[in-house]
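Read through the structure below, which is laid out as structure tokens, and then see the notes.
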Amino acid sequence: MSLHPAVTAVTTRIIERSRTSRAAYLSHLAIACRKGVQRSGLSCTNLAHGFAAFPANDKLVLKEQKKPSVAIISSYNDMLSAHQPFEHFPQLIKDAVRSAGGVAQYAGGVPAMCDGVTQGQPGMELSLFSRDAIAMATAVGLSHNMFDAAVYLGVCDKIVPGLLIGALHFGHLPAVFIPAGPMTTGLANQEKAKVRQLYAQGKLSREDLLESEAQSYHGAGTCTFYGTANSNQLLMEVMGLHLPGAAFITPNTPLRAALTAAAARRAVEISALGKEFTPVGRVVDEKTMVNAIVGLLATGGSTNHTLHLVAIARAAGIVVNWDDFKALSAAVPSLTRIYPNGDADINHFHAAGGTGFVIRELLDAGLLHDDVTTILGKGLRAHCSEPFLNDDQAVFWRPAPTTSGDENVLRTADHPFAVDGGMVVVDGNLGRAVMKVSAVKLQHRTVEAPAILFDSQEAFMQAYKAGELDRDFIAVLRFQGPRANGMPELHALTPALANLQDAGRKVALVTDGRMSGASGKVPAAIHVSPEIVAGGPLGLVRDGDMIRLCAETGVLQALVPTAEWAARMQATADLSANQVGMGRELFAMFRANISAAEEGATTFPLPAPLAAQAIHLAQVIEAEPFNDEDNSTGK
């Protein structure tokens, strides 16, 4: 199957746009690569510190410097359900790596916070910044230069993007990502959403709400809706960084443990001392990033990835922007209906055919690049499979099913739920923004109504509870960008806005903040860029201004006479209360240095070109590829 013209065109644009920065990145990668073991460059004192507490047999392996050493970077903590299963993974990984002839060390932990816990709380203002903090913590764990490959244990919102950004800054090391899996299915998503709306109407008690939530989030593993956490896991498969079908196997099962061990052994095989050296900086290239965007769009994934995929790409010297999402969304069909875009949860999706089915359908439709490098080293089509256990409890793979197990949840590319990917970019005199419309009915995709300004979620909810919002309006929630207050998710507004929409009101949200991976049925223009604190025109809106938001035509416009608009002064706000408490003062450097939303809302610059001497060194290294003799001697 030939590539779809839109995929070809977007890929070509990204390659051209990234030419300088990608070349700089690959030069850095080449210089960082060392033939044989990485730790061979350490002094005796360095090395002795690095294995001082290691078991005797493992210490001997490190001393001889002939076998690979695998780093374990983990986001384990036992408060968060998604990360609790990682408690027992390090020992599994160490045993598996030993069986493959190497050794593994727990190199470092990274922070992991949950937006579900911090929604509407001050801690939510640290959430987006935690992604870059995780990348930095990953770098600290790998900075000892003891390792020949790494495995990364992460699941949720900012954790996987942060781990991958960190891994790409050590792009010379092979990387295998290992998930923990989703929790088993609890209360149906449709029922959970109904309870939330009834609570927002004051018709159910807090005790009723808590009981519903506890039935939904009830055990170990990720939340089962298709938000950012599960979008992360699907993307790791589409990008070839997981073993095939690994994403959605539930925790604490034999297959989950067997996949973890198999992933650890694969890390040994693709290390510089293995026979299939595969540095992650080569895996993640321009075609891989296009594949990631296509996978996100085809499955109705999280809007947070209009930030995260941009930031991940930049870490590898690749420049992606929202126009790429827009162009691909017009060409990529919607193949799934998973909550909030449908009623099914992620376990239902997996049972209906899962990631292997989706990848094969997109490849067959010419919507994914097959000629990419993955951790299997065989092109992306090798990932069109699903794992099983044989009688000896070892993993084997079968081809993914060719027919959907439930066409209400998963469909083929020639019989999709919609002909587009359900994500659009809107722009106009209010700036540029992203809209996820895969769950928004056609009659709600255009709203023209007067603006009502709010500077916080709390102010909106107070007006709602006071009965002041029973009318048509567009809520303009200001000062929610990354430089203002860390760009918190505004998911708490969804039930109230949904109630008003259900009552027949024309409502929408426009904000320089985030709406979350669970963006639902209410039209929302989010990530408005530039944000108000950076001089964005959203700060010129006044109460009562007519706003036109149209996902069909891509318009985000204040219908204000041009002369009046030009004469207005930028709105200001006292943001001092968002800068202290709950650790927010520690993140001042992020607020001061973070880039715009369309640039990934990141604090890290694109790779810069090297000096002439360094470029020459990189070229020399690139001209001397690894060979089996180099790999076997470890010298």
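So you can find residues: chains in the structure tokens are A, B, ... in the order shown, residues in each start at 1, and ligands are numbered from 1 in order.
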Near-A:Leu241 list (10 Å; only C-alpha atoms; drop same-chain fewer than 4 positions) as a PDB file with N, CA and C atoms, in the first residue's frame:
ATOM      1  N   LEU A 164      10.500   9.802  28.135  1.00  0.00           N
ATOM      2  CA  LEU A 164      10.984   9.719  26.762  1.00  0.00           C
ATOM      3  C   LEU A 164      11.843  10.928  26.406  1.00  0.00           C
ATOM      4  N   PRO A 174      20.054   2.487  23.903  1.00  0.00           N
ATOM      5  CA  PRO A 174      18.785   1.832  23.567  1.00  0.00           C
ATOM      6  C   PRO A 174      17.787   1.987  24.713  1.00  0.00           C
ATOM      7  N   ALA A 175      16.508   2.026  24.378  1.00  0.00           N
ATOM      8  CA  ALA A 175      15.465   2.239  25.381  1.00  0.00           C
ATOM      9  C   ALA A 175      14.290   1.312  25.109  1.00  0.00           C
ATOM     10  N   VAL A 176      13.818   0.658  26.144  1.00  0.00           N
ATOM     11  CA  VAL A 176      12.604  -0.148  26.077  1.00  0.00           C
ATOM     12  C   VAL A 176      11.659   0.366  27.150  1.00  0.00           C
ATOM     13  N   PHE A 177      10.441   0.699  26.762  1.00  0.00           N
ATOM     14  CA  PHE A 177       9.446   1.176  27.716  1.00  0.00           C
ATOM     15  C   PHE A 177       8.572   0.006  28.165  1.00  0.00           C
ATOM     16  N   ILE A 178       8.332  -0.051  29.472  1.00  0.00           N
ATOM     17  CA  ILE A 178       7.600  -1.175  30.062  1.00  0.00           C
ATOM     18  C   ILE A 178       6.394  -0.629  30.827  1.00  0.00           C
ATOM     19  N   GLN A 233       0.274   4.937  26.415  1.00  0.00           N
ATOM     20  CA  GLN A 233       0.624   3.533  26.201  1.00  0.00           C
ATOM     21  C   GLN A 233       0.404   3.129  24.747  1.00  0.00           C
ATOM     22  N   LEU A 235       0.605   5.126  22.215  1.00  0.00           N
ATOM     23  CA  LEU A 235       1.628   5.795  21.419  1.00  0.00           C
ATOM     24  C   LEU A 235       2.980   5.090  21.527  1.00  0.00           C
ATOM     25  N   MET A 236       3.310   4.556  22.699  1.00  0.00           N
ATOM     26  CA  MET A 236       4.569   3.822  22.822  1.00  0.00           C
ATOM     27  C   MET A 236       4.590   2.608  21.897  1.00  0.00           C
ATOM     28  N   GLU A 237       3.423   2.009  21.661  1.00  0.00           N
ATOM     29  CA  GLU A 237       3.367   0.880  20.736  1.00  0.00           C
ATOM     30  C   GLU A 237       3.484   1.349  19.290  1.00  0.00           C
ATOM     31  N   ALA A 263      10.709  -7.870  27.847  1.00  0.00           N
ATOM     32  CA  ALA A 263      11.178  -6.521  27.508  1.00  0.00           C
ATOM     33  C   ALA A 263      12.583  -6.294  28.052  1.00  0.00           C
ATOM     34  N   VAL A 280      17.914   4.733  20.989  1.00  0.00           N
ATOM     35  CA  VAL A 280      16.576   5.315  20.926  1.00  0.00           C
ATOM     36  C   VAL A 280      16.540   6.580  20.074  1.00  0.00           C
ATOM     37  N   VAL A 283      15.588   5.422  16.787  1.00  0.00           N
ATOM     38  CA  VAL A 283      14.215   4.914  16.721  1.00  0.00           C
ATOM     39  C   VAL A 283      13.236   6.061  16.515  1.00  0.00           C
ATOM     40  N   VAL A 284      13.403   7.110  17.309  1.00  0.00           N
ATOM     41  CA  VAL A 284      12.497   8.254  17.231  1.00  0.00           C
ATOM     42  C   VAL A 284      13.016   9.224  16.179  1.00  0.00           C
ATOM     43  N   THR A 373      12.444   2.227  12.375  1.00  0.00           N
ATOM     44  CA  THR A 373      13.143   1.335  13.292  1.00  0.00           C
ATOM     45  C   THR A 373      12.333   1.231  14.576  1.00  0.00           C
ATOM     46  N   THR A 374      12.157   0.030  15.077  1.00  0.00           N
ATOM     47  CA  THR A 374      11.500  -0.176  16.376  1.00  0.00           C
ATOM     48  C   THR A 374      12.433  -1.006  17.244  1.00  0.00           C
ATOM     49  N   ILE A 375      12.030  -1.249  18.480  1.00  0.00           N
ATOM     50  CA  ILE A 375      12.886  -2.064  19.352  1.00  0.00           C
ATOM     51  C   ILE A 375      12.983  -3.498  18.851  1.00  0.00           C
ATOM     52  N   LEU A 376      12.083  -3.898  17.930  1.00  0.00           N
ATOM     53  CA  LEU A 376      12.197  -5.222  17.326  1.00  0.00           C
ATOM     54  C   LEU A 376      13.094  -5.203  16.101  1.00  0.00           C
TER      55      LEU A 376
END
query = Tell me, which residues of stretch 383-625 of chain A carry DSSP strand (DSSP E or B), written as a VMD selection string?
reply = chain A and resid 385 to 389 395 to 399 410 418 423 to 428 431 to 436 446 to 454 473 to 477 489 507 to 511 514 524 to 529 546 to 550 555 to 558
message = What parts of stretch 524-571 of chain A does DSSP call helix (DSSP H, G or I)? I'd like the answer as a ChimeraX atom specification.
response = /A:532-534,537-540,562-567
note = Restricting to only C-alpha atoms, whichever of A:Ala220, A:Met79, A:Val151, A:Val437 is closest to A:Tyr106 is A:Val151
inquiry  = Would you pick out the contacts of stretch 134-142 of chain A at 10 Å or less, using only C-alpha atoms, so that residues sharing its chain but fewer than 6 positions from it are not included, and give the list as JSON, numbers by chain?
reply    = {"A": [71, 72, 73, 74, 75, 106, 107, 108, 109, 110, 111, 112, 149, 150, 152, 158, 159, 160, 161, 162, 163, 164, 165, 166, 167, 168, 169, 170, 173, 604]}
task = Tell me, as a PyMOL selection string, which residues lie within 7 Å of stretch 516-530 of chain A, counting only C-alpha atoms; anything in the same chain fewer than 4 positions away does not count.
result = chain A and resi 227-228+302-304+340-341+431-437+439-440+444-445+489-491+497-498+508-512+534-536+596-598
So that I have them on file, write out the residues from the current selection with N, CA and C atoms, as a compact mmCIF listing (two decimals), in the first residue's frame.
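result-v3.txt written:
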# COMPACT_ATOMS: atom_id res chain seq x y z
N GLY A 227 -7.82 8.51 28.44
CA GLY A 227 -7.24 9.82 28.66
C GLY A 227 -5.77 9.81 28.30
N THR A 228 -5.01 10.68 28.94
CA THR A 228 -3.60 10.81 28.57
C THR A 228 -2.80 9.56 28.92
N SER A 302 -5.69 11.79 23.72
CA SER A 302 -5.69 12.98 24.57
C SER A 302 -5.16 14.23 23.88
N THR A 303 -5.87 15.35 24.11
CA THR A 303 -5.40 16.64 23.61
C THR A 303 -4.09 17.06 24.26
N ASN A 304 -3.76 16.50 25.41
CA ASN A 304 -2.48 16.84 26.03
C ASN A 304 -1.31 16.52 25.12
N PRO A 340 -13.69 9.12 26.68
CA PRO A 340 -14.94 9.87 26.60
C PRO A 340 -15.54 10.00 25.20
N ASN A 341 -14.97 9.33 24.20
CA ASN A 341 -15.53 9.40 22.84
C ASN A 341 -16.55 8.31 22.59
N GLY A 431 -6.05 34.25 18.65
CA GLY A 431 -4.89 33.37 18.68
C GLY A 431 -5.21 32.01 18.06
N ARG A 432 -4.36 31.05 18.33
CA ARG A 432 -4.53 29.68 17.82
C ARG A 432 -4.85 28.75 18.98
N ALA A 433 -5.71 27.77 18.72
CA ALA A 433 -6.10 26.84 19.76
C ALA A 433 -6.40 25.48 19.15
N VAL A 434 -6.46 24.49 20.02
CA VAL A 434 -6.76 23.12 19.63
C VAL A 434 -8.18 22.78 20.10
N MET A 435 -8.90 22.04 19.29
CA MET A 435 -10.21 21.51 19.68
C MET A 435 -10.26 20.02 19.39
N LYS A 436 -10.72 19.25 20.35
CA LYS A 436 -11.00 17.84 20.13
C LYS A 436 -12.52 17.71 19.97
N VAL A 437 -12.94 17.28 18.79
CA VAL A 437 -14.37 17.26 18.49
C VAL A 437 -14.90 15.85 18.24
N ALA A 439 -15.92 13.72 20.22
CA ALA A 439 -17.07 13.43 21.07
C ALA A 439 -18.12 14.54 21.03
N VAL A 440 -17.89 15.56 20.22
CA VAL A 440 -18.81 16.71 20.14
C VAL A 440 -19.76 16.49 18.95
N HIS A 444 -23.24 20.97 17.86
CA HIS A 444 -22.58 21.75 18.91
C HIS A 444 -21.21 22.27 18.49
N ARG A 445 -20.81 22.01 17.26
CA ARG A 445 -19.44 22.34 16.85
C ARG A 445 -19.28 23.81 16.44
N GLU A 489 -5.14 21.53 34.27
CA GLU A 489 -6.31 21.01 33.58
C GLU A 489 -7.56 21.61 34.22
N LEU A 490 -8.59 21.81 33.40
CA LEU A 490 -9.83 22.45 33.85
C LEU A 490 -10.99 21.47 33.75
N HIS A 491 -10.68 20.22 34.01
CA HIS A 491 -11.64 19.14 33.83
C HIS A 491 -12.85 19.29 34.73
N LEU A 497 -20.75 22.38 32.41
CA LEU A 497 -20.97 22.77 31.02
C LEU A 497 -21.85 21.75 30.30
N ALA A 498 -21.64 20.47 30.59
CA ALA A 498 -22.45 19.42 29.97
C ALA A 498 -23.91 19.54 30.39
N ALA A 508 -19.76 26.97 25.29
CA ALA A 508 -18.42 26.54 24.86
C ALA A 508 -17.41 27.12 25.84
N LEU A 509 -16.20 26.64 25.75
CA LEU A 509 -15.10 27.11 26.58
C LEU A 509 -13.95 27.55 25.69
N VAL A 510 -13.36 28.70 26.01
CA VAL A 510 -12.15 29.17 25.35
C VAL A 510 -11.15 29.50 26.44
N THR A 511 -9.96 28.91 26.38
CA THR A 511 -9.00 29.12 27.46
C THR A 511 -7.57 28.91 27.00
N ASP A 512 -6.65 29.58 27.67
CA ASP A 512 -5.23 29.30 27.43
C ASP A 512 -4.72 28.20 28.35
N ALA A 534 1.81 36.15 27.97
CA ALA A 534 2.81 36.39 26.92
C ALA A 534 2.30 37.38 25.88
N GLY A 535 1.25 38.12 26.22
CA GLY A 535 0.72 39.13 25.32
C GLY A 535 -0.34 38.64 24.38
N GLY A 536 -0.89 37.45 24.64
CA GLY A 536 -1.90 36.88 23.76
C GLY A 536 -3.19 37.70 23.73
N ALA A 596 5.84 28.51 24.43
CA ALA A 596 4.42 28.56 24.12
C ALA A 596 3.86 27.15 23.96
N ALA A 597 2.53 27.04 24.09
CA ALA A 597 1.88 25.74 24.00
C ALA A 597 2.19 25.03 22.69
N GLU A 598 2.16 25.76 21.58
CA GLU A 598 2.40 25.11 20.28
C GLU A 598 3.86 24.68 20.13
Contact residues around A:Asp323 with only C-alpha atoms at 10 Å, ignoring same-chain residues under 3 positions, as a list of chain:residue names =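 The filter keeps A:Val10, A:Val320, A:Lys326, A:Ala327, A:Leu328, A:Ser329, A:Val424, A:Val425, A:Glu598.
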Selected residues written out with C-alpha atoms, as an mmCIF file, in the first residue's frame:
data_model
loop_
_atom_site.group_PDB
_atom_site.id
_atom_site.type_symbol
_atom_site.label_atom_id
_atom_site.label_comp_id
_atom_site.auth_asym_id
_atom_site.auth_seq_id
_atom_site.Cartn_x
_atom_site.Cartn_y
_atom_site.Cartn_z
ATOM 1 C CA VAL A 10 3.411 16.241 6.359
ATOM 2 C CA VAL A 320 6.366 19.464 14.832
ATOM 3 C CA LYS A 326 -4.555 19.576 11.526
ATOM 4 C CA ALA A 327 -3.440 18.220 8.142
ATOM 5 C CA LEU A 328 -3.258 14.636 9.370
ATOM 6 C CA SER A 329 -6.578 14.857 11.216
ATOM 7 C CA VAL A 424 -8.916 20.627 14.675
ATOM 8 C CA VAL A 425 -6.966 23.838 14.983
ATOM 9 C CA GLU A 598 2.397 25.114 20.284
#
request  = Excluding A:Ser43 and any residue of its chain fewer than 3 positions from it, enumerate the residues within 12 Å of it, using only C-alpha atoms, and give them as a ChimeraX atom specification.
outcome  = /A:38-40,46-50,63,144-146
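Here atom CA of A:Leu126 and atom CA of A:Ile346 stand 27.3 Å from one another.
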key: Within 8 Å of A:Leu234 using only C-alpha atoms, minus same-chain residues under 3 positions, as a ChimeraX atom specification   = /A:230-231,237-238,247,295,355
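Atom CA of A:Pro333 sits 8.6 Å away from atom CA of A:Asp414.
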Please produce, as JSON lines, a per-residue contact table for stretch 384-479 of chain A versus stretch 553-563 of chain A (criterion: any atom at most 6 Å away, only C-alpha atoms considered), showing the nearest atom pair and its distance in Å to one decimal, sorted by chain then residue number.
{"residue": "A:Val426", "atom": "CA", "partner": "A:Gly554", "partner_atom": "CA", "distance": 4.1}
{"residue": "A:Asp427", "atom": "CA", "partner": "A:Leu556", "partner_atom": "CA", "distance": 4.9}
{"residue": "A:Gly428", "atom": "CA", "partner": "A:Leu556", "partner_atom": "CA", "distance": 4.9}
{"residue": "A:Asn429", "atom": "CA", "partner": "A:Gln557", "partner_atom": "CA", "distance": 5.4}
{"residue": "A:Leu430", "atom": "CA", "partner": "A:Gln557", "partner_atom": "CA", "distance": 5.8}
Could you write out the selected residues, including C-alpha atoms, as a compact mmCIF listing (two decimals), in the first residue's frame?
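Result saved to selection21.txt:
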# COMPACT_ATOMS: atom_id res chain seq x y z
CA VAL A 426 -8.92 27.07 15.21
CA ASP A 427 -7.46 30.54 14.84
CA GLY A 428 -8.40 34.15 14.42
CA ASN A 429 -7.98 37.39 16.31
CA LEU A 430 -7.93 35.47 19.62
